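Containing PDB, C-alpha atoms: query-v4.pdb.
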```pdb
ATOM      1  CA  MET A  13      22.082  98.785 173.201
ATOM      2  CA  GLN A  14      25.888  98.924 173.389
ATOM      3  CA  ILE A  15      28.039  95.799 173.254
ATOM      4  CA  THR A  16      31.739  95.137 172.667
ATOM      5  CA  VAL A  17      32.612  92.861 169.749
ATOM      6  CA  ASN A  18      36.233  91.775 169.345
ATOM      7  CA  GLY A  19      37.365  94.740 171.398
ATOM      8  CA  GLU A  20      35.275  97.305 169.470
ATOM      9  CA  GLU A  21      32.299  99.064 171.049
ATOM     10  CA  ARG A  22      29.172  98.937 168.876
ATOM     11  CA  ARG A  23      25.660 100.346 169.239
ATOM     12  CA  PHE A  24      22.535  98.591 168.035
ATOM     13  CA  ASP A  25      18.883  99.598 167.968
ATOM     14  CA  GLY A  26      17.016  97.252 170.259
ATOM     15  CA  ALA A  27      17.836  93.795 171.552
ATOM     16  CA  LEU A  28      19.434  91.186 169.320
ATOM     17  CA  THR A  29      19.955  87.456 169.441
ATOM     18  CA  VAL A  30      23.376  86.104 168.596
ATOM     19  CA  ASN A  31      22.080  84.949 165.201
ATOM     20  CA  GLU A  32      20.599  88.370 164.462
ATOM     21  CA  LEU A  33      23.925  89.992 165.357
ATOM     22  CA  LEU A  34      25.799  87.686 162.975
ATOM     23  CA  THR A  35      23.336  88.485 160.201
ATOM     24  CA  GLU A  36      23.715  92.219 160.769
ATOM     25  CA  ILE A  37      27.512  91.960 160.733
ATOM     26  CA  GLY A  38      27.451  89.654 157.708
ATOM     27  CA  LEU A  39      29.012  86.520 159.181
ATOM     28  CA  ASP A  40      28.178  82.864 158.638
ATOM     29  CA  GLY A  41      27.528  81.294 162.043
ATOM     30  CA  LYS A  42      28.723  77.926 160.767
ATOM     31  CA  LYS A  43      32.257  79.259 160.270
ATOM     32  CA  VAL A  44      32.812  81.018 163.602
ATOM     33  CA  ALA A  45      32.770  80.445 167.347
ATOM     34  CA  ILE A  46      31.459  82.962 169.854
ATOM     35  CA  GLU A  47      32.392  83.716 173.435
ATOM     36  CA  ARG A  48      30.024  85.916 175.456
ATOM     37  CA  ASN A  49      31.381  87.395 178.681
ATOM     38  CA  LEU A  50      34.074  84.660 178.737
ATOM     39  CA  GLU A  51      31.473  81.888 178.266
ATOM     40  CA  ILE A  52      31.214  79.982 174.972
ATOM     41  CA  VAL A  53      27.818  80.194 173.270
ATOM     42  CA  PRO A  54      26.983  76.823 171.642
ATOM     43  CA  LYS A  55      25.876  77.093 168.021
ATOM     44  CA  SER A  56      22.582  75.434 168.920
ATOM     45  CA  LEU A  57      21.763  78.409 171.160
ATOM     46  CA  TYR A  58      22.518  81.229 168.697
ATOM     47  CA  ASP A  59      18.805  81.732 167.975
ATOM     48  CA  GLY A  60      17.732  81.743 171.597
ATOM     49  CA  THR A  61      20.553  83.745 173.173
ATOM     50  CA  ARG A  62      19.571  87.401 173.523
ATOM     51  CA  LEU A  63      22.321  89.921 173.976
ATOM     52  CA  THR A  64      22.101  92.577 176.659
ATOM     53  CA  ASN A  65      23.639  95.998 177.117
ATOM     54  CA  GLY A  66      27.300  95.788 178.110
ATOM     55  CA  ASP A  67      27.906  92.269 176.776
ATOM     56  CA  LYS A  68      31.422  91.513 175.582
ATOM     57  CA  LEU A  69      31.729  89.144 172.631
ATOM     58  CA  GLU A  70      34.674  87.456 170.966
ATOM     59  CA  ILE A  71      33.987  86.085 167.481
ATOM     60  CA  VAL A  72      36.787  83.922 166.126
ATOM     61  CA  HIS A  73      37.578  81.649 163.187
ATOM     62  CA  PHE A  74      40.481  79.644 161.872
ATOM     63  CA  ILE A  75      43.292  81.313 159.995
ATOM     64  CA  GLY A  76      46.583  80.221 158.441
ATOM     65  CA  GLY A  77      48.843  80.149 161.317
ATOM     66  CA  GLY A  78      42.637  68.031 148.497
ATOM     67  CA  ALA A  79      43.437  64.549 148.965
ATOM     68  CA  PRO A  80      47.099  63.642 149.397
ATOM     69  CA  ASP A  81      49.044  61.896 146.660
ATOM     70  CA  ASP A  82      48.977  58.363 147.996
ATOM     71  CA  SER A  83      51.180  56.954 145.250
ATOM     72  CA  ILE A  84      54.421  57.415 147.195
ATOM     73  CA  GLN A  85      53.085  57.388 150.759
ATOM     74  CA  ALA A  86      54.177  54.547 153.024
ATOM     75  CA  GLY A  87      50.675  53.102 152.704
ATOM     76  CA  ASN A  88      51.072  50.259 155.215
ATOM     77  CA  ASP A  89      52.930  52.423 157.706
ATOM     78  CA  PRO A  90      50.484  55.171 158.714
ATOM     79  CA  LEU A  91      50.835  57.686 161.519
ATOM     80  CA  ILE A  92      48.312  56.939 164.262
ATOM     81  CA  VAL A  93      47.490  59.655 166.794
ATOM     82  CA  ALA A  94      44.775  59.189 169.424
ATOM     83  CA  GLY A  95      43.301  56.347 167.389
ATOM     84  CA  ARG A  96      43.183  58.398 164.170
ATOM     85  CA  THR A  97      45.038  57.231 161.093
ATOM     86  CA  PHE A  98      46.972  59.541 158.767
ATOM     87  CA  ASN A  99      48.635  58.541 155.493
ATOM     88  CA  SER A 100      51.365  61.151 155.818
ATOM     89  CA  ARG A 101      53.850  61.593 158.635
ATOM     90  CA  LEU A 102      54.358  65.209 157.586
ATOM     91  CA  ILE A 103      52.164  67.880 159.147
ATOM     92  CA  ILE A 104      52.324  71.361 157.672
ATOM     93  CA  GLY A 105      51.311  74.740 159.013
ATOM     94  CA  THR A 106      48.969  77.342 157.566
ATOM     95  CA  GLY A 107      50.802  80.517 158.501
ATOM     96  CA  LYS A 108      53.287  82.788 156.705
ATOM     97  CA  PHE A 109      52.191  81.892 153.174
ATOM     98  CA  LYS A 110      51.500  84.831 150.869
ATOM     99  CA  ASP A 111      47.844  83.778 150.603
ATOM    100  CA  TYR A 112      45.520  80.832 151.140
ATOM    101  CA  GLU A 113      45.862  79.729 147.511
ATOM    102  CA  GLU A 114      49.609  79.215 147.909
ATOM    103  CA  ASN A 115      48.947  77.410 151.185
ATOM    104  CA  TRP A 116      46.566  75.060 149.391
ATOM    105  CA  GLN A 117      49.074  74.348 146.623
ATOM    106  CA  ALA A 118      51.795  73.619 149.189
ATOM    107  CA  LEU A 119      49.456  71.272 151.024
ATOM    108  CA  GLN A 120      48.794  69.366 147.823
ATOM    109  CA  ALA A 121      52.506  69.122 147.046
ATOM    110  CA  SER A 122      53.345  67.984 150.587
ATOM    111  CA  GLY A 123      50.895  65.096 150.635
ATOM    112  CA  ALA A 124      50.021  66.014 154.223
ATOM    113  CA  ASP A 125      46.569  65.206 155.532
ATOM    114  CA  MET A 126      46.820  67.256 158.735
ATOM    115  CA  VAL A 127      47.401  71.013 159.048
ATOM    116  CA  THR A 128      47.886  73.204 162.097
ATOM    117  CA  VAL A 129      45.507  76.165 162.307
ATOM    118  CA  ALA A 130      45.368  79.209 164.563
ATOM    119  CA  VAL A 131      42.251  80.704 166.153
ATOM    120  CA  ARG A 132      41.902  84.467 165.694
ATOM    121  CA  ARG A 133      39.277  87.189 165.819
ATOM    122  CA  VAL A 134      37.071  87.623 162.771
ATOM    123  CA  ASN A 135      37.749  90.803 160.765
ATOM    124  CA  LEU A 136      34.523  92.705 161.470
ATOM    125  CA  SER A 137      35.377  95.493 159.021
ATOM    126  CA  ASP A 138      35.461  92.995 156.128
ATOM    127  CA  PRO A 139      33.318  89.938 156.928
ATOM    128  CA  ASP A 140      33.594  88.771 153.303
ATOM    129  CA  GLN A 141      37.362  88.417 153.610
ATOM    130  CA  PRO A 142      38.492  84.908 152.500
ATOM    131  CA  MET A 143      38.729  82.299 155.247
ATOM    132  CA  LEU A 144      41.039  79.311 155.453
ATOM    133  CA  THR A 145      38.046  76.968 155.232
ATOM    134  CA  ASP A 146      37.271  78.406 151.777
ATOM    135  CA  PHE A 147      40.528  76.890 150.484
ATOM    136  CA  ILE A 148      41.343  73.931 152.725
ATOM    137  CA  ASP A 149      38.296  71.762 153.349
ATOM    138  CA  PRO A 150      38.247  70.523 156.969
ATOM    139  CA  LYS A 151      36.229  67.533 155.778
ATOM    140  CA  ALA A 152      39.093  66.432 153.526
ATOM    141  CA  VAL A 153      42.065  67.497 155.653
ATOM    142  CA  THR A 154      42.308  67.221 159.440
ATOM    143  CA  TYR A 155      42.530  70.597 161.144
ATOM    144  CA  LEU A 156      44.781  70.654 164.198
ATOM    145  CA  PRO A 157      43.801  73.791 166.156
ATOM    146  CA  ASN A 158      46.706  75.132 168.161
ATOM    147  CA  THR A 159      47.342  77.800 170.763
ATOM    148  CA  ALA A 160      50.021  79.678 168.815
ATOM    149  CA  GLY A 161      50.606  83.073 170.381
ATOM    150  CA  CYS A 162      49.347  82.092 173.832
ATOM    151  CA  PHE A 163      51.634  83.006 176.729
ATOM    152  CA  THR A 164      49.311  82.000 179.599
ATOM    153  CA  ALA A 165      47.393  78.888 180.528
ATOM    154  CA  ASP A 166      44.093  80.804 180.624
ATOM    155  CA  ASP A 167      44.531  82.052 177.061
ATOM    156  CA  ALA A 168      45.451  78.586 175.816
ATOM    157  CA  LEU A 169      42.426  76.964 177.459
ATOM    158  CA  ARG A 170      40.040  79.626 176.132
ATOM    159  CA  THR A 171      41.459  79.247 172.643
ATOM    160  CA  LEU A 172      41.037  75.483 172.479
ATOM    161  CA  ARG A 173      37.536  75.598 173.938
ATOM    162  CA  LEU A 174      36.577  78.084 171.228
ATOM    163  CA  ALA A 175      38.225  75.873 168.627
ATOM    164  CA  ARG A 176      36.102  72.934 169.687
ATOM    165  CA  GLU A 177      32.981  75.082 169.484
ATOM    166  CA  ALA A 178      33.947  76.438 166.055
ATOM    167  CA  GLY A 179      34.341  73.076 164.404
ATOM    168  CA  GLY A 180      33.916  70.270 166.900
ATOM    169  CA  TRP A 181      37.630  69.463 166.977
ATOM    170  CA  ASP A 182      38.887  67.688 170.071
ATOM    171  CA  LEU A 183      42.284  66.684 168.642
ATOM    172  CA  VAL A 184      44.307  69.820 169.392
ATOM    173  CA  LYS A 185      47.843  71.101 169.749
ATOM    174  CA  LEU A 186      48.771  72.775 173.028
ATOM    175  CA  GLU A 187      51.616  75.260 173.181
ATOM    176  CA  ILE A 188      52.190  77.884 175.880
ATOM    177  CA  LEU A 189      55.082  80.181 175.107
ATOM    178  CA  GLY A 190      57.557  81.549 177.606
ATOM    179  CA  ASP A 191      58.726  84.765 175.940
ATOM    180  CA  GLU A 192      58.492  86.581 172.619
ATOM    181  CA  LYS A 193      62.203  86.359 171.820
ATOM    182  CA  THR A 194      62.667  82.592 171.904
ATOM    183  CA  LEU A 195      59.053  81.286 171.834
ATOM    184  CA  TYR A 196      60.396  78.525 174.061
ATOM    185  CA  PRO A 197      57.651  76.478 175.758
ATOM    186  CA  ARG A 198      56.604  77.360 179.307
ATOM    187  CA  MET A 199      56.510  73.820 180.624
ATOM    188  CA  PRO A 200      54.924  74.076 184.126
ATOM    189  CA  GLU A 201      51.855  75.830 182.689
ATOM    190  CA  THR A 202      51.821  73.434 179.739
ATOM    191  CA  LEU A 203      51.665  70.427 182.041
ATOM    192  CA  GLU A 204      48.866  71.889 184.186
ATOM    193  CA  SER A 205      46.861  72.904 181.110
ATOM    194  CA  LEU A 206      47.239  69.414 179.680
ATOM    195  CA  LYS A 207      45.638  67.954 182.807
ATOM    196  CA  VAL A 208      42.635  70.280 182.455
ATOM    197  CA  LEU A 209      42.169  69.573 178.756
ATOM    198  CA  VAL A 210      42.371  65.802 179.188
ATOM    199  CA  LYS A 211      39.649  65.988 181.864
ATOM    200  CA  GLU A 212      37.504  67.965 179.419
ATOM    201  CA  GLY A 213      37.792  65.251 176.782
ATOM    202  CA  PHE A 214      40.419  66.782 174.507
ATOM    203  CA  GLN A 215      43.062  64.670 172.788
ATOM    204  CA  VAL A 216      46.148  66.802 173.174
ATOM    205  CA  MET A 217      49.330  66.901 171.126
ATOM    206  CA  VAL A 218      51.839  68.908 173.168
ATOM    207  CA  TYR A 219      54.599  71.264 171.989
ATOM    208  CA  CYS A 220      57.359  70.920 174.571
ATOM    209  CA  SER A 221      61.042  71.220 175.389
ATOM    210  CA  ASP A 222      63.409  68.357 174.562
ATOM    211  CA  ASP A 223      63.648  67.341 178.229
ATOM    212  CA  PRO A 224      63.052  63.561 178.430
ATOM    213  CA  ILE A 225      61.777  63.742 182.029
ATOM    214  CA  MET A 226      59.229  66.433 181.219
ATOM    215  CA  CYS A 227      58.165  64.514 178.123
ATOM    216  CA  GLN A 228      57.625  61.448 180.297
ATOM    217  CA  ARG A 229      55.405  63.502 182.619
ATOM    218  CA  LEU A 230      53.349  64.739 179.686
ATOM    219  CA  GLU A 231      52.735  61.190 178.522
ATOM    220  CA  GLU A 232      51.784  60.107 182.046
ATOM    221  CA  GLU A 233      49.202  62.908 182.182
ATOM    222  CA  GLY A 234      47.548  61.749 178.973
ATOM    223  CA  ALA A 235      49.240  63.532 176.069
ATOM    224  CA  ALA A 236      48.211  62.028 172.727
ATOM    225  CA  ALA A 237      51.560  62.955 171.171
ATOM    226  CA  ILE A 238      54.827  64.437 172.386
ATOM    227  CA  MET A 239      56.147  67.291 170.209
ATOM    228  CA  PRO A 240      59.647  68.340 171.295
ATOM    229  CA  LEU A 241      61.252  71.283 169.527
ATOM    230  CA  GLY A 242      64.193  70.642 167.241
ATOM    231  CA  SER A 243      65.284  74.243 167.720
ATOM    232  CA  LEU A 244      63.521  77.576 168.187
ATOM    233  CA  ILE A 245      60.275  78.119 166.275
ATOM    234  CA  GLY A 246      60.914  79.525 162.820
ATOM    235  CA  SER A 247      64.694  79.551 163.314
ATOM    236  CA  GLY A 248      65.617  76.977 160.676
ATOM    237  CA  HIS A 249      68.483  75.655 162.803
ATOM    238  CA  GLY A 250      67.342  72.038 162.533
ATOM    239  CA  ILE A 251      67.712  69.530 165.357
ATOM    240  CA  GLN A 252      70.164  70.882 167.919
ATOM    241  CA  ASN A 253      69.982  68.040 170.422
ATOM    242  CA  PRO A 254      69.580  64.715 168.624
ATOM    243  CA  PHE A 255      70.707  62.795 171.708
ATOM    244  CA  ASN A 256      67.742  64.015 173.753
ATOM    245  CA  ILE A 257      65.328  63.488 170.881
ATOM    246  CA  GLY A 258      66.584  59.915 170.669
ATOM    247  CA  LEU A 259      65.992  59.382 174.393
ATOM    248  CA  ILE A 260      62.460  60.744 174.077
ATOM    249  CA  VAL A 261      61.721  58.409 171.166
ATOM    250  CA  GLU A 262      63.114  55.437 173.088
ATOM    251  CA  GLN A 263      60.971  56.017 176.181
ATOM    252  CA  SER A 264      57.705  57.073 174.559
ATOM    253  CA  SER A 265      54.715  54.885 173.763
ATOM    254  CA  VAL A 266      52.812  57.724 172.073
ATOM    255  CA  PRO A 267      53.930  59.370 168.810
ATOM    256  CA  VAL A 268      56.935  61.695 168.977
ATOM    257  CA  ILE A 269      56.704  64.480 166.406
ATOM    258  CA  VAL A 270      59.462  67.064 165.998
ATOM    259  CA  ASP A 271      57.864  70.488 166.168
ATOM    260  CA  ALA A 272      59.817  73.649 165.331
ATOM    261  CA  GLY A 273      63.177  74.519 163.856
ATOM    262  CA  ILE A 274      63.249  72.381 160.705
ATOM    263  CA  GLY A 275      64.834  74.466 157.938
ATOM    264  CA  THR A 276      65.247  72.147 154.970
ATOM    265  CA  ALA A 277      64.446  68.665 153.748
ATOM    266  CA  SER A 278      67.604  66.960 155.036
ATOM    267  CA  GLU A 279      66.714  68.050 158.587
ATOM    268  CA  ALA A 280      63.253  66.535 158.255
ATOM    269  CA  ALA A 281      64.832  63.298 157.057
ATOM    270  CA  PHE A 282      67.244  63.372 160.004
ATOM    271  CA  ALA A 283      64.344  63.693 162.451
ATOM    272  CA  MET A 284      62.735  60.627 160.944
ATOM    273  CA  GLU A 285      66.041  58.705 160.957
ATOM    274  CA  LEU A 286      66.184  59.306 164.724
ATOM    275  CA  GLY A 287      62.964  57.313 164.995
ATOM    276  CA  CYS A 288      60.499  60.172 165.299
ATOM    277  CA  ASP A 289      56.972  59.380 164.165
ATOM    278  CA  GLY A 290      56.465  62.615 162.276
ATOM    279  CA  VAL A 291      57.541  66.192 161.630
ATOM    280  CA  ILE A 292      55.724  69.537 161.616
ATOM    281  CA  VAL A 293      56.968  72.085 159.101
ATOM    282  CA  ASN A 294      55.679  75.595 158.416
ATOM    283  CA  THR A 295      58.279  78.341 158.006
ATOM    284  CA  ALA A 296      60.715  76.182 156.013
ATOM    285  CA  ILE A 297      58.026  75.698 153.375
ATOM    286  CA  ALA A 298      56.293  79.085 153.484
ATOM    287  CA  HIS A 299      59.535  81.093 153.416
ATOM    288  CA  ALA A 300      61.337  78.981 150.806
ATOM    289  CA  ALA A 301      62.098  80.652 147.491
ATOM    290  CA  ASP A 302      59.684  78.123 145.967
ATOM    291  CA  PRO A 303      57.245  76.973 148.662
ATOM    292  CA  ILE A 304      55.554  74.407 146.437
ATOM    293  CA  ALA A 305      58.826  72.727 145.481
ATOM    294  CA  MET A 306      59.984  72.745 149.119
ATOM    295  CA  ALA A 307      56.700  71.175 150.221
ATOM    296  CA  SER A 308      57.323  68.351 147.762
ATOM    297  CA  ALA A 309      60.906  67.991 148.989
ATOM    298  CA  MET A 310      59.685  67.717 152.578
ATOM    299  CA  LYS A 311      57.260  64.980 151.590
ATOM    300  CA  HIS A 312      60.025  62.889 150.027
ATOM    301  CA  ALA A 313      62.422  63.609 152.911
ATOM    302  CA  VAL A 314      59.986  62.392 155.560
ATOM    303  CA  ILE A 315      59.262  59.219 153.613
ATOM    304  CA  ALA A 316      62.965  58.548 152.960
ATOM    305  CA  GLY A 317      63.912  59.229 156.579
ATOM    306  CA  ARG A 318      61.244  56.858 157.845
ATOM    307  CA  GLN A 319      62.321  54.111 155.451
ATOM    308  CA  ALA A 320      65.975  54.583 156.427
ATOM    309  CA  TYR A 321      65.078  54.262 160.112
ATOM    310  CA  GLN A 322      63.105  51.082 159.465
ATOM    311  CA  ALA A 323      65.899  49.659 157.300
ATOM    312  CA  GLY A 324      68.419  50.072 160.111
ATOM    313  CA  ARG A 325      71.541  52.137 159.826
ATOM    314  CA  MET A 326      74.892  50.447 159.304
ATOM    315  CA  SER A 327      77.178  50.529 162.324
ATOM    316  CA  ARG A 328      79.947  53.111 162.419
ATOM    317  CA  LYS A 329      83.481  51.767 162.163
ATOM    318  CA  GLN A 330      86.814  53.162 163.246
ATOM    319  CA  TYR A 331      88.598  52.354 159.992
ATOM    320  CA  ALA A 332      87.861  51.770 156.338
ATOM    321  CA  ASP A 333      86.182  48.570 155.238
ATOM    322  CA  ALA A 334      86.539  47.869 151.499
ATOM    323  CA  SER A 335      83.355  47.196 149.612
ATOM    324  CA  SER A 336      84.967  44.894 147.076
ATOM    325  CA  PRO A 337      86.396  41.510 148.168
ATOM    326  CA  LEU A 338      90.176  41.074 148.065
ATOM    327  CA  THR A 339      89.872  37.459 146.886
ATOM    328  CA  GLY A 340      90.913  37.144 143.247
ATOM    329  CA  LEU A 341      92.672  40.501 143.230
ATOM    330  CA  ILE A 342      94.951  40.912 140.215
TER     331      ILE A 342
END
```
As structure tokens, what does this structure read like?
Amino acid sequence: MQITVNGEERRFDGALTVNELLTEIGLDGKKVAIERNLEIVPKSLYDGTRLTNGDKLEIVHFIGGGAPDDSIQAGNDPLIVAGRTFNSRLIIGTGKFKDYEENWQALQASGADMVTVAVRRVNLSDPDQPMLTDFIDPKAVTYLPNTAGCFTADDALRTLRLAREAGGWDLVKLEILGDEKTLYPRMPETLESLKVLVKEGFQVMVYCSDDPIMCQRLEEEGAAAIMPLGSLIGSGHGIQNPFNIGLIVEQSSVPVIVDAGIGTASEAAFAMELGCDGVIVNTAIAHAADPIAMASAMKHAVIAGRQAYQAGRMSRKQYADASSPLTGLI
């Protein structure tokens, strides 16, 4: 029997069930999701699903695309997304770190309790290769599966359906990219995909442009959170259009989380001072000279920015206003 697994043609002696195939390859069925001829195979059917000659399979898992330190979290001011409560308003990524161990250490330093994860093919040539779940426990930290690298609606929908099968996650991050140079969001396809996912029971956090009208449409169609870019993904340019971000915050009744472009801690604080509900950071931490120290800095910046926003900024004045009273001046 000949079947195609993750794009590679393979021959097997006799018929196999999905479970038997996983055993022969050396994979743990609990850690992967399987698509057969573009249809997801539920884990409960692995034993009873017999493969036939010519089948095409995709076997995927989560890759990098502890309990947080609650002592300095804003404990009575949690982030709430789709009815779920998070202690930290900082979300970090799981890509670009030198290894999963460093990723884990950065997560601990950041205090985050949600991480974005990508869905990719399993490495069939080395099934014992470490997996993200070996280092970051999805029972202790919320995984946010995303569609990083997807340039079409079909690819994004397939990816998130596989993600739900792999781990049961229905809180997901949708992003459909327009081109490889800017990674700017392709908004018409994003909006249409959101509608499909909401109908299928997903709770969708949406990476989007900083267009207030489009953000309003996303919320109307059921987005669980609006995630406008600060600047281009991985660019480190910070927030380029604070005016629009402010408008989006003002009009939104769901969380607004700045996604993309944050380069250093002061920019994360600035996002929070604008009234945003949270910040996603990946490259700024992973590519810092000291990722662990930067993760800690981001934690403090997000907390400080949130507290500054709640405290209320002083009004700007045209001229100087002395701090000390003039009464009693010598």
Report as a Markdown table: every residue of stretch 49-125 of chain A with an atom at most 9 Å from stretch 23-34 of chain A, its closest pair of atoms, and their distance in Å to one decimal, counting all atoms listed in the file, with rows sorted by chain and ascending residue number.
```
| residue | atom | partner | partner_atom | distance |
| --- | --- | --- | --- | --- |
| A:Val53 | CA | A:Val30 | CA | 8.7 |
| A:Leu57 | CA | A:Val30 | CA | 8.3 |
| A:Tyr58 | CA | A:Val30 | CA | 5.0 |
| A:Asp59 | CA | A:Asn31 | CA | 5.4 |
| A:Gly60 | CA | A:Thr29 | CA | 6.5 |
| A:Thr61 | CA | A:Thr29 | CA | 5.3 |
| A:Arg62 | CA | A:Thr29 | CA | 4.1 |
| A:Leu63 | CA | A:Leu28 | CA | 5.6 |
| A:Thr64 | CA | A:Ala27 | CA | 6.8 |
| A:Asn65 | CA | A:Ala27 | CA | 8.3 |
```
Inset, instruction - Using atom CA of A:Cys288 and atom CA of A:Ile260 as the two end points, give the distance in Å to one decimal. - result: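 Atom-to-atom, atom CA of A:Cys288 to atom CA of A:Ile260, that is 9.0 Å.
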Legend entry - Selected residue, from A:Pro54, A:Gly246, A:Gly123, A:Gly290, that lies nearest to A:Ala178 when counting all atoms listed in the file: A:Pro54
Inset, instruction - To one decimal in Å, tell me the separation between atom CA of A:Met239 and atom CA of A:Leu186. - result: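 Atom CA of A:Leu186 lies at a distance of 9.6 Å from atom CA of A:Met239.
Minimum distance to A:Asn88 across A:Gln319, A:Gln228, A:Pro157, A:Asp222 (counting only C-alpha atoms) occurs at A:Gln319.
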Inset, instruction - Report as a list in words the full result of the PyMOL selection byres ((chain A and resi 233-235) around 9) when it is applied to this structure. - result: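 Residues picked by the PyMOL selection byres ((chain A and resi 233-235) around 9): Leu203, Leu206, Lys207, Val210, Gln215, Val216, Met217, Val218, Gln228, Arg229, Leu230, Glu231, Glu232, Ala236, Ala237, Ile238 and Val266 of chain A.
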Using C-alpha atoms, can you export the residues from the last selection as a short mmCIF file (atom, residue, chain, number, x, y, z; two decimals), in the coordinates of the input?
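Contents of part-v4.cif, freshly written:
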```
data_model
loop_
_atom_site.label_atom_id
_atom_site.label_comp_id
_atom_site.auth_asym_id
_atom_site.auth_seq_id
_atom_site.Cartn_x
_atom_site.Cartn_y
_atom_site.Cartn_z
CA LEU A 203 51.66 70.43 182.04
CA LEU A 206 47.24 69.41 179.68
CA LYS A 207 45.64 67.95 182.81
CA VAL A 210 42.37 65.80 179.19
CA GLN A 215 43.06 64.67 172.79
CA VAL A 216 46.15 66.80 173.17
CA MET A 217 49.33 66.90 171.13
CA VAL A 218 51.84 68.91 173.17
CA GLN A 228 57.62 61.45 180.30
CA ARG A 229 55.40 63.50 182.62
CA LEU A 230 53.35 64.74 179.69
CA GLU A 231 52.74 61.19 178.52
CA GLU A 232 51.78 60.11 182.05
CA ALA A 236 48.21 62.03 172.73
CA ALA A 237 51.56 62.96 171.17
CA ILE A 238 54.83 64.44 172.39
CA VAL A 266 52.81 57.72 172.07
#
```
Inset, instruction - Would you work out the distance separating atom CA of A:Tyr219 from atom CA of A:Leu241, expressed in Å to one decimal? - result: 7.1 Å
Inset, instruction - Run the PyMOL selection byres ((chain A and resi 113) around 12) mentally over the shown coordinates, then write out the matched residues as a ChimeraX atom specification, using the chain letters and numbers from the document. - result: /A:76,106,109-112,114-120,142-148,303-304
Inset, instruction - I need the residue set behind the PyMOL selection byres ((chain A and resi 198) around 12) for this file; please write it as a count of residues only. - result: 28
Legend entry - Nearest to A:Ala283, chosen from A:Gly161, A:Pro267, A:Gly250, A:Gly324, with all atoms listed in the file counted in the distances: A:Gly250
Inset, instruction - Could you check which of A:Ala45, A:Glu177, A:Val129, A:Ile103 is closest to A:Thr159, using all atoms listed in the file? - result: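 Of A:Ala45, A:Glu177, A:Val129, A:Ile103, the one nearest A:Thr159, counting all atoms listed in the file, is A:Val129.
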Inset, instruction - Please provide as number ranges by chain all residues within 12 Å of A:Gly179, with the sequence filter that same-chain residues fewer than 5 positions apart are discarded (counting only C-alpha atoms). - result: A: 41-46, 54-55, 72-74, 129, 131, 145, 149-151, 154-157, 172-174, 184
Give, as lines of an AutoDock Vina configuration file, the centre coordinates and the x, y and z edge lengths in Å to one decimal for an axis-aligned box around all listed atoms of stretch 242-248 of chain A, padded by 8 Å on each side.
```
center_x = 62.9
center_y = 75.1
center_z = 164.4
size_x = 21.3
size_y = 24.9
size_z = 23.5
```
Inset, instruction - Name the closest residue to A:Gly248 among the candidates A:Ile225, A:Ile274, A:Ile269, A:Ala175; distances are taken between atoms, counting all atoms listed in the file. - result: A:Ile274
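Between A:Ala309 and the residues A:Glu21, A:Asp223, A:Glu279, A:Asp182, the shortest atom-to-atom distance, using all atoms listed in the file, involves A:Glu279.
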